[in-house]
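Have a look at work_0.cif below; it lists mmCIF, C-alpha atoms.
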```cif
data_work
#
loop_
_atom_site.group_PDB
_atom_site.id
_atom_site.type_symbol
_atom_site.label_atom_id
_atom_site.label_comp_id
_atom_site.auth_asym_id
_atom_site.auth_seq_id
_atom_site.Cartn_x
_atom_site.Cartn_y
_atom_site.Cartn_z
ATOM 1 C CA MET A 704 -64.515 -44.157 -37.708
ATOM 2 C CA LEU A 705 -61.316 -45.133 -35.897
ATOM 3 C CA PHE A 706 -58.864 -42.866 -34.081
ATOM 4 C CA ASP A 707 -55.530 -44.694 -34.024
ATOM 5 C CA SER A 708 -53.729 -43.592 -30.880
ATOM 6 C CA HIS A 709 -50.606 -45.673 -31.477
ATOM 7 C CA LEU A 710 -48.786 -45.517 -34.816
ATOM 8 C CA HIS A 711 -45.028 -46.067 -35.117
ATOM 9 C CA ILE A 712 -43.148 -44.776 -38.153
ATOM 10 C CA VAL A 713 -39.663 -46.139 -38.810
ATOM 11 C CA ASP A 714 -37.482 -44.407 -41.397
ATOM 12 C CA ARG A 715 -33.895 -45.576 -41.042
ATOM 13 C CA LYS A 716 -32.654 -43.059 -43.586
ATOM 14 C CA ARG A 717 -33.785 -40.189 -41.363
ATOM 15 C CA LEU A 718 -33.396 -41.421 -37.784
ATOM 16 C CA ALA A 719 -31.375 -43.917 -35.735
ATOM 17 C CA TYR A 720 -33.075 -46.800 -33.904
ATOM 18 C CA PRO A 721 -30.458 -48.667 -31.846
ATOM 19 C CA TRP A 722 -32.887 -51.396 -30.742
ATOM 20 C CA LEU A 723 -33.834 -52.453 -34.277
ATOM 21 C CA ALA A 724 -30.723 -54.577 -34.809
ATOM 22 C CA GLU A 725 -32.181 -57.191 -32.449
ATOM 23 C CA ALA A 726 -35.837 -56.704 -33.411
ATOM 24 C CA GLY A 727 -36.138 -59.543 -35.913
ATOM 25 C CA ALA A 728 -38.999 -59.029 -38.377
ATOM 26 C CA LEU A 729 -39.418 -55.410 -37.267
ATOM 27 C CA ASN A 730 -35.907 -54.492 -38.411
ATOM 28 C CA ARG A 731 -37.135 -52.697 -41.510
ATOM 29 C CA ASP A 732 -38.560 -49.364 -42.615
ATOM 30 C CA SER A 733 -42.215 -48.894 -41.718
ATOM 31 C CA LEU A 734 -43.168 -45.729 -43.552
ATOM 32 C CA TYR A 735 -46.161 -43.459 -43.149
ATOM 33 C CA GLU A 736 -47.282 -43.820 -46.757
ATOM 34 C CA ASP A 737 -47.495 -47.615 -46.427
ATOM 35 C CA TYR A 738 -49.573 -47.308 -43.256
ATOM 36 C CA ALA A 739 -51.843 -44.577 -44.626
ATOM 37 C CA ARG A 740 -52.678 -46.462 -47.818
ATOM 38 C CA GLU A 741 -54.140 -49.336 -45.811
ATOM 39 C CA ALA A 742 -55.465 -47.268 -42.902
ATOM 40 C CA LYS A 743 -57.673 -45.055 -45.063
ATOM 41 C CA ARG A 744 -59.283 -48.126 -46.624
ATOM 42 C CA LEU A 745 -60.041 -49.497 -43.159
ATOM 43 C CA GLY A 746 -61.817 -46.452 -41.745
ATOM 44 C CA ILE A 747 -58.993 -44.826 -39.781
ATOM 45 C CA THR A 748 -59.590 -41.091 -39.916
ATOM 46 C CA ASP A 749 -57.024 -39.766 -37.429
ATOM 47 C CA THR A 750 -53.816 -41.000 -35.829
ATOM 48 C CA LEU A 751 -51.216 -40.017 -33.280
ATOM 49 C CA HIS A 752 -47.605 -40.990 -33.767
ATOM 50 C CA MET A 753 -46.030 -42.864 -30.876
ATOM 51 C CA GLU A 754 -42.304 -42.430 -30.315
ATOM 52 C CA VAL A 755 -40.162 -45.346 -31.495
ATOM 53 C CA ASP A 756 -37.294 -45.197 -28.977
ATOM 54 C CA VAL A 757 -34.953 -43.441 -31.386
ATOM 55 C CA ALA A 758 -31.403 -42.598 -30.360
ATOM 56 C CA GLU A 759 -31.505 -39.918 -27.678
ATOM 57 C CA ASP A 760 -29.962 -37.301 -29.979
ATOM 58 C CA ASP A 761 -32.811 -37.901 -32.451
ATOM 59 C CA ILE A 762 -35.740 -37.425 -30.056
ATOM 60 C CA GLU A 763 -36.662 -33.911 -31.169
ATOM 61 C CA ARG A 764 -35.776 -34.690 -34.778
ATOM 62 C CA GLU A 765 -38.341 -37.500 -34.672
ATOM 63 C CA THR A 766 -41.052 -35.042 -33.643
ATOM 64 C CA ASP A 767 -40.034 -32.616 -36.378
ATOM 65 C CA TYR A 768 -40.064 -35.430 -38.943
ATOM 66 C CA VAL A 769 -43.577 -36.534 -37.971
ATOM 67 C CA LYS A 770 -44.784 -32.929 -37.908
ATOM 68 C CA GLY A 771 -43.591 -32.556 -41.487
ATOM 69 C CA LEU A 772 -45.604 -35.611 -42.514
ATOM 70 C CA SER A 773 -48.680 -34.168 -40.816
ATOM 71 C CA ARG A 774 -48.552 -31.131 -43.112
ATOM 72 C CA GLU A 775 -48.877 -33.182 -46.281
ATOM 73 C CA PRO A 776 -52.290 -32.996 -48.007
ATOM 74 C CA GLY A 777 -54.716 -35.558 -46.646
ATOM 75 C CA SER A 778 -52.463 -36.606 -43.772
ATOM 76 C CA LEU A 779 -54.067 -38.623 -40.973
ATOM 77 C CA LEU A 780 -51.524 -37.400 -38.409
ATOM 78 C CA ARG A 781 -52.979 -35.140 -35.712
ATOM 79 C CA GLY A 782 -50.082 -35.064 -33.281
ATOM 80 C CA ALA A 783 -47.301 -36.980 -31.595
ATOM 81 C CA VAL A 784 -46.507 -38.641 -28.298
ATOM 82 C CA ALA A 785 -42.844 -37.797 -27.957
ATOM 83 C CA ALA A 786 -40.005 -39.647 -26.288
ATOM 84 C CA CYS A 787 -38.554 -38.200 -23.107
ATOM 85 C CA ARG A 788 -35.945 -38.836 -20.437
ATOM 86 C CA PRO A 789 -37.395 -37.811 -17.064
ATOM 87 C CA GLU A 790 -34.253 -39.152 -15.426
ATOM 88 C CA SER A 791 -32.249 -36.364 -17.094
ATOM 89 C CA THR A 792 -31.408 -32.967 -15.632
ATOM 90 C CA ASN A 793 -32.274 -31.536 -19.079
ATOM 91 C CA PHE A 794 -35.915 -32.598 -18.827
ATOM 92 C CA PRO A 795 -37.325 -29.281 -17.501
ATOM 93 C CA THR A 796 -36.009 -27.249 -20.442
ATOM 94 C CA TYR A 797 -37.160 -29.943 -22.885
ATOM 95 C CA LEU A 798 -40.608 -29.828 -21.283
ATOM 96 C CA GLU A 799 -40.774 -26.070 -21.797
ATOM 97 C CA ARG A 800 -40.070 -26.490 -25.514
ATOM 98 C CA VAL A 801 -42.718 -29.205 -25.815
ATOM 99 C CA LEU A 802 -45.367 -27.201 -23.984
ATOM 100 C CA ALA A 803 -44.858 -24.465 -26.571
ATOM 101 C CA ASP A 804 -45.570 -26.951 -29.379
ATOM 102 C CA PRO A 805 -49.251 -27.956 -29.595
ATOM 103 C CA PHE A 806 -48.395 -30.786 -31.990
ATOM 104 C CA VAL A 807 -46.987 -32.830 -29.094
ATOM 105 C CA LYS A 808 -49.836 -34.358 -27.082
ATOM 106 C CA GLY A 809 -47.888 -36.390 -24.544
ATOM 107 C CA PHE A 810 -44.729 -38.227 -23.543
ATOM 108 C CA ARG A 811 -43.619 -41.828 -23.291
ATOM 109 C CA ARG A 812 -40.610 -43.456 -21.674
ATOM 110 C CA VAL A 813 -40.697 -47.230 -22.260
ATOM 111 C CA LEU A 814 -39.893 -48.674 -18.846
ATOM 112 C CA HIS A 815 -39.421 -52.347 -19.656
ATOM 113 C CA VAL A 816 -36.268 -51.617 -21.682
ATOM 114 C CA VAL A 817 -34.444 -49.926 -18.807
ATOM 115 C CA PRO A 818 -33.602 -51.103 -15.279
ATOM 116 C CA ASP A 819 -36.452 -50.675 -12.804
ATOM 117 C CA ASP A 820 -34.417 -48.259 -10.740
ATOM 118 C CA VAL A 821 -34.676 -45.672 -13.542
ATOM 119 C CA SER A 822 -38.330 -44.972 -12.715
ATOM 120 C CA GLU A 823 -37.594 -45.292 -9.008
ATOM 121 C CA GLY A 824 -35.065 -42.457 -9.061
ATOM 122 C CA ALA A 825 -35.838 -39.197 -7.285
ATOM 123 C CA LEU A 826 -35.101 -37.074 -10.359
ATOM 124 C CA PHE A 827 -37.370 -39.174 -12.592
ATOM 125 C CA ARG A 828 -40.227 -38.791 -10.122
ATOM 126 C CA GLU A 829 -39.619 -35.104 -9.560
ATOM 127 C CA ASN A 830 -39.656 -34.447 -13.300
ATOM 128 C CA LEU A 831 -42.767 -36.542 -13.858
ATOM 129 C CA LYS A 832 -44.617 -34.311 -11.391
ATOM 130 C CA ARG A 833 -43.978 -31.403 -13.760
ATOM 131 C CA LEU A 834 -46.619 -32.891 -16.097
ATOM 132 C CA GLY A 835 -49.313 -32.413 -13.469
ATOM 133 C CA ASN A 836 -52.168 -30.190 -14.636
ATOM 134 C CA THR A 837 -50.606 -29.711 -18.075
ATOM 135 C CA ARG A 838 -52.206 -30.780 -21.358
ATOM 136 C CA LEU A 839 -49.621 -33.584 -21.739
ATOM 137 C CA THR A 840 -50.346 -37.260 -21.063
ATOM 138 C CA PHE A 841 -47.781 -39.899 -20.095
ATOM 139 C CA ASP A 842 -47.869 -43.381 -21.617
ATOM 140 C CA LEU A 843 -46.838 -46.259 -19.379
ATOM 141 C CA CYS A 844 -45.412 -49.212 -21.300
ATOM 142 C CA VAL A 845 -44.594 -51.883 -18.722
ATOM 143 C CA LEU A 846 -44.619 -55.660 -18.460
ATOM 144 C CA PRO A 847 -47.141 -57.344 -16.144
ATOM 145 C CA HIS A 848 -44.607 -57.877 -13.362
ATOM 146 C CA GLN A 849 -43.930 -54.117 -13.382
ATOM 147 C CA ILE A 850 -47.537 -53.031 -12.832
ATOM 148 C CA SER A 851 -46.849 -52.440 -9.142
ATOM 149 C CA LYS A 852 -44.054 -50.029 -10.075
ATOM 150 C CA ALA A 853 -46.366 -48.213 -12.486
ATOM 151 C CA ILE A 854 -48.957 -47.896 -9.719
ATOM 152 C CA VAL A 855 -46.385 -46.214 -7.470
ATOM 153 C CA LEU A 856 -45.734 -43.598 -10.188
ATOM 154 C CA ILE A 857 -49.462 -43.044 -10.665
ATOM 155 C CA ASP A 858 -50.105 -42.650 -6.941
ATOM 156 C CA LEU A 859 -47.262 -40.137 -6.654
ATOM 157 C CA ASN A 860 -48.782 -38.099 -9.491
ATOM 158 C CA PRO A 861 -52.573 -37.863 -9.161
ATOM 159 C CA ASN A 862 -52.598 -34.745 -11.358
ATOM 160 C CA VAL A 863 -50.883 -36.457 -14.306
ATOM 161 C CA ARG A 864 -53.041 -38.222 -16.901
ATOM 162 C CA PHE A 865 -51.557 -41.667 -17.563
ATOM 163 C CA ILE A 866 -52.244 -44.128 -20.373
ATOM 164 C CA LEU A 867 -51.482 -47.829 -19.906
ATOM 165 C CA ASP A 868 -50.299 -49.164 -23.255
ATOM 166 C CA HIS A 869 -51.297 -52.457 -24.873
ATOM 167 C CA CYS A 870 -53.680 -53.720 -22.171
ATOM 168 C CA GLY A 871 -50.692 -53.930 -19.838
ATOM 169 C CA VAL A 872 -48.741 -56.200 -22.253
ATOM 170 C CA PRO A 873 -50.306 -59.567 -21.312
ATOM 171 C CA ALA A 874 -48.672 -62.802 -22.468
ATOM 172 C CA VAL A 875 -51.716 -63.742 -24.557
ATOM 173 C CA LYS A 876 -50.213 -66.987 -25.848
ATOM 174 C CA ASP A 877 -49.920 -68.243 -22.246
ATOM 175 C CA GLY A 878 -53.596 -67.662 -21.515
ATOM 176 C CA LEU A 879 -55.279 -65.497 -18.909
ATOM 177 C CA ILE A 880 -52.931 -65.183 -15.941
ATOM 178 C CA GLU A 881 -54.263 -64.174 -12.535
ATOM 179 C CA SER A 882 -51.392 -61.805 -11.737
ATOM 180 C CA TRP A 883 -52.054 -59.814 -14.943
ATOM 181 C CA SER A 884 -55.809 -59.715 -14.265
ATOM 182 C CA ALA A 885 -55.266 -58.546 -10.693
ATOM 183 C CA GLY A 886 -52.804 -55.878 -11.822
ATOM 184 C CA ILE A 887 -55.250 -54.468 -14.366
ATOM 185 C CA ALA A 888 -58.039 -54.395 -11.793
ATOM 186 C CA GLU A 889 -55.805 -52.601 -9.304
ATOM 187 C CA VAL A 890 -54.439 -49.954 -11.678
ATOM 188 C CA SER A 891 -57.955 -49.246 -12.972
ATOM 189 C CA LYS A 892 -58.921 -47.953 -9.508
ATOM 190 C CA ARG A 893 -56.891 -44.816 -10.285
ATOM 191 C CA PRO A 894 -59.215 -42.374 -12.090
ATOM 192 C CA ASN A 895 -56.329 -40.595 -13.856
ATOM 193 C CA VAL A 896 -55.449 -43.705 -15.911
ATOM 194 C CA THR A 897 -56.819 -44.723 -19.319
ATOM 195 C CA VAL A 898 -56.081 -48.112 -20.871
ATOM 196 C CA LYS A 899 -55.152 -48.524 -24.514
ATOM 197 C CA ILE A 900 -56.699 -51.478 -26.358
ATOM 198 C CA SER A 901 -53.746 -52.029 -28.658
ATOM 199 C CA GLY A 902 -50.904 -54.367 -29.466
ATOM 200 C CA VAL A 903 -52.371 -57.559 -28.051
ATOM 201 C CA VAL A 904 -52.160 -59.505 -31.318
ATOM 202 C CA ALA A 905 -48.363 -59.220 -31.109
ATOM 203 C CA TYR A 906 -48.412 -61.236 -27.867
ATOM 204 C CA ALA A 907 -50.576 -64.073 -29.220
ATOM 205 C CA ASP A 908 -49.480 -67.174 -31.102
ATOM 206 C CA PRO A 909 -49.280 -65.799 -34.663
ATOM 207 C CA ASP A 910 -50.409 -69.093 -36.200
ATOM 208 C CA SER A 911 -53.410 -69.908 -34.041
ATOM 209 C CA TRP A 912 -54.974 -66.842 -32.412
ATOM 210 C CA SER A 913 -58.558 -65.772 -33.094
ATOM 211 C CA PRO A 914 -60.754 -62.998 -31.690
ATOM 212 C CA GLU A 915 -61.808 -65.433 -28.966
ATOM 213 C CA THR A 916 -58.160 -65.765 -27.925
ATOM 214 C CA LEU A 917 -58.000 -62.005 -27.373
ATOM 215 C CA ARG A 918 -61.471 -61.584 -25.873
ATOM 216 C CA PRO A 919 -60.680 -62.316 -22.185
ATOM 217 C CA PHE A 920 -57.902 -59.714 -22.176
ATOM 218 C CA VAL A 921 -59.828 -56.990 -23.980
ATOM 219 C CA GLU A 922 -63.037 -57.552 -22.032
ATOM 220 C CA HIS A 923 -61.235 -57.579 -18.675
ATOM 221 C CA CYS A 924 -59.629 -54.222 -19.483
ATOM 222 C CA ILE A 925 -62.922 -52.688 -20.549
ATOM 223 C CA ALA A 926 -64.784 -54.114 -17.551
ATOM 224 C CA SER A 927 -62.095 -52.779 -15.202
ATOM 225 C CA PHE A 928 -61.712 -49.287 -16.665
ATOM 226 C CA GLY A 929 -65.202 -48.702 -18.059
ATOM 227 C CA TRP A 930 -66.156 -47.311 -21.453
ATOM 228 C CA ASP A 931 -65.015 -43.757 -20.658
ATOM 229 C CA ARG A 932 -61.375 -44.737 -20.000
ATOM 230 C CA VAL A 933 -60.525 -46.928 -22.996
ATOM 231 C CA ILE A 934 -58.964 -45.885 -26.298
ATOM 232 C CA TRP A 935 -58.008 -47.889 -29.368
ATOM 233 C CA GLY A 936 -54.648 -48.150 -31.104
ATOM 234 C CA SER A 937 -53.147 -50.195 -33.903
ATOM 235 C CA ASP A 938 -49.550 -50.454 -32.668
ATOM 236 C CA TRP A 939 -48.563 -50.637 -36.335
ATOM 237 C CA PRO A 940 -46.134 -52.119 -37.419
ATOM 238 C CA VAL A 941 -45.781 -54.203 -34.234
ATOM 239 C CA CYS A 942 -49.296 -55.546 -34.820
ATOM 240 C CA THR A 943 -48.026 -57.157 -38.024
ATOM 241 C CA LEU A 944 -46.276 -59.765 -35.878
ATOM 242 C CA GLY A 945 -49.756 -61.236 -35.437
ATOM 243 C CA GLY A 946 -51.136 -60.584 -38.926
ATOM 244 C CA ASN A 947 -51.500 -57.097 -40.394
ATOM 245 C CA LEU A 948 -53.394 -53.882 -39.781
ATOM 246 C CA SER A 949 -56.589 -55.137 -41.401
ATOM 247 C CA THR A 950 -56.441 -58.344 -39.338
ATOM 248 C CA TRP A 951 -56.276 -56.418 -36.051
ATOM 249 C CA ILE A 952 -59.079 -54.069 -37.091
ATOM 250 C CA ALA A 953 -61.272 -56.992 -38.161
ATOM 251 C CA ALA A 954 -60.598 -58.661 -34.807
ATOM 252 C CA THR A 955 -61.482 -55.431 -33.000
ATOM 253 C CA HIS A 956 -64.823 -55.221 -34.814
ATOM 254 C CA ALA A 957 -65.514 -58.882 -33.996
ATOM 255 C CA LEU A 958 -64.770 -58.239 -30.321
ATOM 256 C CA MET A 959 -67.147 -55.272 -30.292
ATOM 257 C CA GLN A 960 -70.111 -57.193 -31.689
ATOM 258 C CA GLY A 961 -73.019 -56.799 -29.319
ATOM 259 C CA VAL A 962 -71.909 -53.578 -27.640
ATOM 260 C CA SER A 963 -73.914 -50.403 -28.136
ATOM 261 C CA ALA A 964 -73.023 -47.860 -30.803
ATOM 262 C CA ASP A 965 -72.255 -45.339 -28.050
ATOM 263 C CA GLU A 966 -69.839 -47.706 -26.295
ATOM 264 C CA ARG A 967 -68.126 -48.589 -29.549
ATOM 265 C CA ASN A 968 -67.767 -44.937 -30.533
ATOM 266 C CA ARG A 969 -66.220 -44.071 -27.176
ATOM 267 C CA LEU A 970 -63.543 -46.732 -27.666
ATOM 268 C CA TYR A 971 -63.045 -46.042 -31.366
ATOM 269 C CA HIS A 972 -62.661 -42.262 -31.332
ATOM 270 C CA LEU A 973 -64.642 -40.166 -28.833
ATOM 271 C CA ASN A 974 -62.488 -40.838 -25.762
ATOM 272 C CA ALA A 975 -59.235 -40.149 -27.622
ATOM 273 C CA LYS A 976 -60.501 -36.858 -28.989
ATOM 274 C CA ARG A 977 -61.643 -35.816 -25.538
ATOM 275 C CA LEU A 978 -58.411 -36.926 -23.869
ATOM 276 C CA TRP A 979 -56.262 -34.817 -26.191
ATOM 277 C CA SER A 980 -58.804 -32.029 -26.824
ATOM 278 C CA LEU A 981 -58.942 -32.722 -30.551
#
```
Please render this file's structure as structure tokens.
Amino acid sequence: MLFDSHLHIVDRKRLAYPWLAEAGALNRDSLYEDYAREAKRLGITDTLHMEVDVAEDDIERETDYVKGLSREPGSLLRGAVAACRPESTNFPTYLERVLADPFVKGFRRVLHVVPDDVSEGALFRENLKRLGNTRLTFDLCVLPHQISKAIVLIDLNPNVRFILDHCGVPAVKDGLIESWSAGIAEVSKRPNVTVKISGVVAYADPDSWSPETLRPFVEHCIASFGWDRVIWGSDWPVCTLGGNLSTWIAATHALMQGVSADERNRLYHLNAKRLWSL
């Protein structure tokens, strides 16, 4: 049983994705039905949709679109992590609408696609505090050199539950780098942070990686955060840059050989269901 905490759906007929024009192989539709056909065969029983950095005017339309898909018979979709703009004066009213919608489980603002001073702004930080003691999580998607900036946000908001995406986006093809390892160890000291074991195949050499290539990164994250603060995600379709969905799931199972059934279940589904009260 796998709970996929990180699915992206791209439907260019319904929504605008400004970044796709320069996204190479990802500049295509990646539809729910294509994902679900494979996911169900691979043991995925539940999934959350992760925002895909749609045009700002489409942010709430994206949530409505995914919610519609979740109502179809047999859907795997259990909720959405929605896009947000904490740097905007409109954030408080948007937050009120989201809190009234139980389908939305959290927010994400990808920080490595904007200047660093966006997350350093007073308004951004003030608005992020509004998530404290709510049911909403906040995904941090940062590059390794930005970990220190993520830590500042976490320390300013001890009552917000943060999720660090994609093992902190290590450059897997360059090998284990001390600065990444140290950053993961440091951020893991904050008890309000969970790490997502997802996406790492996209950062490996697509022609030569194996589970052993990924092992140092995955095991360091698990050793740092512990089995109660790790969740699994596919990062589909981005994971297809390193193979396909089945390849990443097979690699995950290979990496989990030798761990206990309880540890594996916490990573695969129990922690995610607890985190989002599902």
Practice item. Quick one: everything within 6 Å of range 776-780 of chain A, counting all atoms listed in the file, minus sequence neighbours fewer than 3 positions away in the same chain. Send it as a list in words. Key: Asp749, Thr750, Leu751 and Ser773 of chain A
Could you produce a table of the residues of range 913-978 of chain A lying within 7 Å of range 708-720 of chain A, with the nearest pair of atoms per residue and their separation in Å rounded to one decimal, using all atoms listed in the file, ordered by chain and increasing residue number, as a Markdown table?
```
| residue | atom | partner | partner_atom | distance |
| --- | --- | --- | --- | --- |
| A:Trp935 | CA | A:Ser708 | CA | 6.2 |
| A:Gly936 | CA | A:Ser708 | CA | 4.7 |
| A:Ser937 | CA | A:His709 | CA | 5.7 |
| A:Asp938 | CA | A:His709 | CA | 5.0 |
| A:Trp939 | CA | A:Leu710 | CA | 5.3 |
| A:Pro940 | CA | A:His711 | CA | 6.6 |
```
Review point. By how many Å are CA of Asn974 in chain A and CA of Pro847 in chain A apart?
Key: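 Separation of CA of Asn974 in chain A and CA of Pro847 in chain A: 24.5 Å.
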Review point. Quick one, how far is CA of Trp930 in chain A from CA of Ala888 in chain A?
Key: 14.5 Å
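You will find CA of Lys743 in chain A at 19.2 Å from CA of Gly771 in chain A.
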Review point. Nearest to Gly835 in chain A among A:Asn793, A:Asn860, A:Ser891, A:Ser882, with distances taken over only C-alpha atoms: which residue is it?
Key: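 Under the stated criterion, the closest residue is A:Asn860.
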Check your understanding: Do you know which residues the PyMOL selection byres ((chain A and resi 789-792) around 7) returns on this file, as a VMD selection string?
Key -> chain A and resid 787 to 788 793 to 794 821 826 to 827 830 to 831
Exercise for review: Decode the PyMOL selection byres ((chain A and resi 809) around 9) for the given file into explicit residues and return them as a PyMOL selection string.
Suggested key: chain A and resi 783-786+801+807-808+810-811+838-842+979
Check your understanding: Looking at A:Pro861, A:Gly824, A:Pro721, A:Pro919, which one is nearest to Glu881 in chain A, with distances taken over all atoms listed in the file?
Key ->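 Distance minimum relative to Glu881 in chain A lands on A:Pro919.
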Point to revise | Matched chain/residue IDs from the PyMOL selection byres ((chain A and resi 865-870) around 10), as number ranges by chain | key: A: 709, 809-811, 813, 839-847, 850, 853, 856-857, 860-864, 871-873, 883, 887, 890-891, 893-906, 920-921, 923-925, 932-938
Check your understanding: Could you pull the residues within 7 Å of Leu745 in chain A, counting all atoms listed in the file, minus those fewer than 3 positions along the same chain, as a PyMOL selection string?
Key -> chain A and resi 741-742+949
Point to revise | Neighbour list for Leu705 in chain A as a PyMOL selection string, cut-off 7 Å, only C-alpha atoms, skip fewer than 2 positions in-chain | key: chain A and resi 707+746-748+971-972
